[in-house]
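Raw query-v5.txt, compact mmCIF, C-alpha atoms:
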```txt
# COMPACT_ATOMS: atom_id res chain seq x y z
CA MET A 1 125.77 117.54 143.90
CA VAL A 2 128.80 115.62 145.10
CA ILE A 3 132.04 115.70 143.08
CA GLY A 4 132.16 112.63 140.85
CA GLU A 5 128.37 112.30 140.85
CA ASN A 6 128.19 114.24 137.58
CA ASP A 7 130.53 111.70 135.96
CA GLU A 8 128.29 108.86 137.17
CA ILE A 9 125.21 110.55 135.74
CA THR A 10 126.95 111.17 132.42
CA GLU A 11 128.10 107.55 132.25
CA GLU A 12 124.61 106.28 133.13
CA CYS A 13 123.09 108.48 130.40
CA LYS A 14 125.67 107.25 127.88
CA ARG A 15 124.85 103.65 128.82
CA LEU A 16 121.11 104.28 128.35
CA TRP A 17 121.85 106.11 125.07
CA HIS A 18 123.67 103.08 123.68
CA LEU A 19 121.08 100.69 125.05
CA TYR A 20 117.88 102.46 123.88
CA ARG A 21 118.92 104.87 121.10
CA GLU A 22 117.90 102.59 118.22
CA TYR A 23 114.62 101.75 119.92
CA ILE A 24 113.75 105.44 120.42
CA ILE A 25 114.74 106.23 116.82
CA SER A 26 112.45 103.45 115.58
CA PHE A 27 109.64 104.62 117.84
CA CYS A 28 109.98 108.22 116.63
CA LYS A 29 110.19 107.15 112.97
CA PHE A 30 107.03 105.11 113.38
CA LYS A 31 105.14 107.93 115.08
CA LEU A 32 106.49 110.65 112.77
CA LYS A 33 106.02 108.96 109.39
CA ASP A 34 104.84 112.17 107.77
CA THR A 35 107.55 114.38 109.32
CA PRO A 36 110.79 112.39 109.14
CA ASP A 37 112.88 115.55 109.51
CA TYR A 38 111.71 115.86 113.13
CA VAL A 39 112.89 112.35 114.17
CA GLU A 40 116.48 113.34 114.94
CA ASP A 41 115.37 116.39 116.93
CA CYS A 42 112.92 114.30 118.90
CA VAL A 43 115.53 111.67 119.79
CA GLN A 44 117.97 114.36 120.87
CA ASP A 45 115.30 116.07 122.99
CA VAL A 46 114.40 112.77 124.66
CA PHE A 47 117.95 112.05 125.73
CA MET A 48 118.50 115.66 126.85
CA ALA A 49 115.40 115.26 129.03
CA LEU A 50 116.96 112.09 130.44
CA LEU A 51 120.17 113.94 131.31
CA GLU A 52 118.22 116.79 132.93
CA ALA A 53 116.06 114.34 134.90
CA LYS A 54 119.09 112.43 136.14
CA ARG A 55 120.87 115.65 137.13
CA SER A 56 117.82 116.81 139.08
CA GLY A 57 117.82 113.52 140.98
CA THR A 58 114.76 111.94 139.38
CA GLU A 59 114.68 108.20 139.93
CA ILE A 60 113.86 106.33 136.74
CA LYS A 61 112.83 102.75 137.50
CA SER A 62 112.09 101.68 133.93
CA PRO A 63 114.29 103.67 131.53
CA LYS A 64 112.80 102.25 128.33
CA ALA A 65 109.24 103.09 129.40
CA TRP A 66 110.33 106.50 130.65
CA LEU A 67 112.14 107.34 127.39
CA THR A 68 109.17 106.11 125.34
CA THR A 69 106.76 108.26 127.36
CA VAL A 70 108.96 111.33 126.97
CA ALA A 71 109.24 110.70 123.21
CA ASN A 72 105.50 110.23 122.88
CA ASN A 73 104.79 113.45 124.81
CA LYS A 74 107.27 115.42 122.67
CA ILE A 75 105.63 114.06 119.50
CA LYS A 76 102.16 115.01 120.75
CA ARG A 77 103.42 118.50 121.54
CA GLU A 78 104.92 118.77 118.04
CA TYR A 79 101.61 117.77 116.43
CA LYS A 80 99.76 120.34 118.55
CA ASN A 81 102.20 123.03 117.47
CA ARG A 82 101.88 122.06 113.81
CA LYS A 83 98.11 121.93 114.11
CA ARG A 84 98.19 125.48 115.48
CA GLU A 85 100.35 126.54 112.52
CA PHE A 86 97.78 125.09 110.10
CA SER A 87 94.85 126.68 111.89
CA THR A 88 96.44 130.14 111.77
CA LEU A 89 96.72 130.26 107.99
CA ASP A 90 96.40 133.77 106.70
CA MET A 91 92.99 133.69 105.03
CA HIS A 92 93.99 136.84 103.16
CA ASP A 93 96.20 134.61 100.99
CA PHE A 94 93.12 132.68 99.86
CA GLU A 95 91.14 135.84 99.03
CA GLU A 96 93.61 136.72 96.27
CA VAL A 97 93.24 133.34 94.55
CA SER A 98 90.84 133.08 91.61
CA ASP A 99 88.31 130.24 91.20
CA GLU A 100 90.19 129.05 88.12
CA LEU A 101 93.44 128.89 90.05
CA ILE A 102 91.74 127.06 92.92
CA SER A 103 90.46 124.44 90.48
CA GLU A 104 93.95 124.07 88.98
CA MET A 105 95.50 123.86 92.43
CA LYS A 106 92.96 121.26 93.55
CA ASP A 107 93.85 119.01 90.63
CA SER A 108 97.56 119.55 91.17
CA ILE A 109 97.30 118.79 94.88
CA LEU A 110 95.11 115.71 94.43
CA ASN A 111 97.54 114.35 91.85
CA GLN A 112 100.36 114.62 94.40
CA LEU A 113 98.50 112.39 96.86
CA LYS A 114 98.85 108.61 96.84
CA PHE A 115 95.97 106.75 95.21
CA ASP A 116 94.54 105.51 98.53
CA GLU A 117 94.73 109.04 99.98
CA GLN A 118 92.94 110.45 96.93
CA SER A 119 90.23 107.80 97.13
CA ILE A 120 89.54 108.31 100.81
CA ILE A 121 89.55 112.12 100.51
CA ILE A 122 87.15 112.00 97.56
CA ASP A 123 84.87 109.49 99.29
CA PHE A 124 84.76 111.55 102.48
CA TYR A 125 84.62 115.12 101.16
CA VAL A 126 83.09 114.82 97.69
CA LYS A 127 80.82 111.79 98.06
CA HIS A 128 80.14 112.59 101.75
CA MET A 129 80.59 108.97 102.81
CA LYS A 130 80.80 108.16 106.50
CA VAL A 131 84.06 106.87 107.96
CA LYS A 132 82.34 103.58 108.76
CA ASN A 133 81.30 103.08 105.12
CA ILE A 134 84.75 104.02 103.81
CA ALA A 135 86.26 101.48 106.20
CA ILE A 136 83.96 98.79 104.85
CA LYS A 137 84.62 99.80 101.23
CA TYR A 138 88.42 99.51 101.60
CA ASN A 139 88.43 96.73 104.20
CA LEU A 140 90.11 98.97 106.80
CA SER A 141 89.38 99.72 110.42
CA GLU A 142 87.59 102.99 111.19
CA ALA A 143 90.65 104.11 113.16
CA ASN A 144 92.83 103.47 110.10
CA VAL A 145 90.51 105.53 107.88
CA LYS A 146 90.54 108.40 110.40
CA GLN A 147 94.34 108.26 110.52
CA LYS A 148 94.58 108.27 106.71
CA LEU A 149 92.18 111.24 106.56
CA PHE A 150 94.23 113.10 109.17
CA ARG A 151 97.50 112.52 107.31
CA ALA A 152 95.97 113.35 103.93
CA ARG A 153 94.50 116.61 105.28
CA LYS A 154 97.89 117.56 106.70
CA LYS A 155 99.53 116.81 103.38
CA ILE A 156 96.85 118.83 101.53
CA MET A 157 97.37 121.83 103.83
CA HIS A 158 101.12 121.67 103.25
CA LEU A 159 100.68 121.33 99.48
CA SER A 160 98.08 124.12 99.44
CA ASN A 161 100.48 126.49 101.15
CA GLU A 162 103.18 125.60 98.63
CA GLU A 163 100.80 126.18 95.71
CA ILE A 164 99.67 129.54 97.08
CA GLU A 165 103.28 130.64 97.57
CA LYS A 166 104.04 129.66 93.96
CA HIS A 167 101.17 131.76 92.63
CA LYS A 168 101.63 134.85 94.77
CA PHE A 169 102.39 137.92 92.76
```
Would you put the structure from the file into structure tokens?
Amino acid sequence: MVIGENDEITEECKRLWHLYREYIISFCKFKLKDTPDYVEDCVQDVFMALLEAKRSGTEIKSPKAWLTTVANNKIKREYKNRKREFSTLDMHDFEEVSDELISEMKDSILNQLKFDEQSIIIDFYVKHMKVKNIAIKYNLSEANVKQKLFRARKKIMHLSNEEIEKHKF
């Protein structure tokens, strides 16, 4: 690295920060609706990746597209990590929970969901309706129903963990 080159890289990164920061924040907020606390971390990680890429000499022809791709990849990685956290729940916690408490928790958790989330969860899991039929019933696309199911399941897992923690002895 030539003396003065570091200053040019820093200035270029600052320029791109000012130019695309709001766009990347909006993109992250849109993608991370159910985890708004991660938005700021994601934006920071994206621009740190930009700085590292510039310092390593990577040529970035379309900064907006590059930043968006980096943000999207970081978000995907975050969802994978969170999915792993959910899948490694300690089943021993559930063994200590009585049927009565499970019924109480189920009602409590369902009541914390939005009406449309409740309806779709009940239609899918209780009434065993197909995604296609739920989409028709609520005049939604199948992709939208799948997304709502995904988000509702995530919310249920989070709420379930909270309920179990509350009732641990």
**Message:** As an exercise, work out the distance from CA of Ser26 in chain A to CA of Asp45 in chain A in Å and give it to one decimal place.
**Reply:**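 CA of Asp45 in chain A lies 14.9 Å from CA of Ser26 in chain A.
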Could you give me, as JSON lines, every range 29-72 of chain A residue with an atom at most 12 Å from range 12-15 of chain A, plus its closest atom pair and distance in Å to one decimal, counting all atoms listed in the file, rows ordered by chain then number?
```
{"residue": "A:Val46", "atom": "CA", "partner": "A:Cys13", "partner_atom": "CA", "distance": 11.3}
{"residue": "A:Phe47", "atom": "CA", "partner": "A:Cys13", "partner_atom": "CA", "distance": 7.8}
{"residue": "A:Met48", "atom": "CA", "partner": "A:Cys13", "partner_atom": "CA", "distance": 9.2}
{"residue": "A:Ala49", "atom": "CA", "partner": "A:Cys13", "partner_atom": "CA", "distance": 10.3}
{"residue": "A:Leu50", "atom": "CA", "partner": "A:Cys13", "partner_atom": "CA", "distance": 7.1}
{"residue": "A:Leu51", "atom": "CA", "partner": "A:Cys13", "partner_atom": "CA", "distance": 6.3}
{"residue": "A:Glu52", "atom": "CA", "partner": "A:Cys13", "partner_atom": "CA", "distance": 10.0}
{"residue": "A:Ala53", "atom": "CA", "partner": "A:Cys13", "partner_atom": "CA", "distance": 10.2}
{"residue": "A:Lys54", "atom": "CA", "partner": "A:Cys13", "partner_atom": "CA", "distance": 8.0}
{"residue": "A:Arg55", "atom": "CA", "partner": "A:Cys13", "partner_atom": "CA", "distance": 10.1}
{"residue": "A:Ile60", "atom": "CA", "partner": "A:Glu12", "partner_atom": "CA", "distance": 11.3}
{"residue": "A:Pro63", "atom": "CA", "partner": "A:Cys13", "partner_atom": "CA", "distance": 10.1}
{"residue": "A:Leu67", "atom": "CA", "partner": "A:Cys13", "partner_atom": "CA", "distance": 11.4}
```
**Request:** Would you kindly return, as a ChimeraX atom specification, each protein, DNA or RNA residue with an atom no farther than 12 Å from any atom of Ile75 in chain A, considering only C-alpha atoms and excluding same-chain residues fewer than 2 positions away?
**Result:** /A:24,27-36,38-43,45-46,68-73,77-82
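Atom to atom, CA of Asp123 in chain A and CA of Val145 in chain A stand 11.0 Å apart.
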**Nearest candidate to Lys114 in chain A (options A:Asn133, A:Ser160, A:Arg151, A:Trp17; using all atoms listed in the file)** = A:Arg151
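The shortest atom-to-atom distance to Gln118 in chain A, with all atoms listed in the file taken into account, belongs to A:Arg153 out of A:Lys130, A:Arg153, A:Ala143, A:Glu165.
The two atoms in question, CA of Ser56 in chain A and CA of Lys74 in chain A, are spaced 19.6 Å apart.
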**Message:** as a ChimeraX atom specification, please: the residues near Ile121 in chain A (cut-off 10 Å, only C-alpha atoms, same-chain neighbours under 3 positions excluded).
**Reply:** /A:110,113,115-118,124-129,134,145,148-150,152-153,156
**Selected residue of minimal separation from Glu162 in chain A among A:Ser108, A:Gln44, A:Asp37, A:Ser62, counting all atoms listed in the file** = A:Ser108
**Request:** Name all residues at most 9 Å from Leu159 in chain A (count only C-alpha atoms; drop same-chain ones fewer than 5 positions away) and give them as a VMD selection string.
**Result:** chain A and resid 109 112 154 164
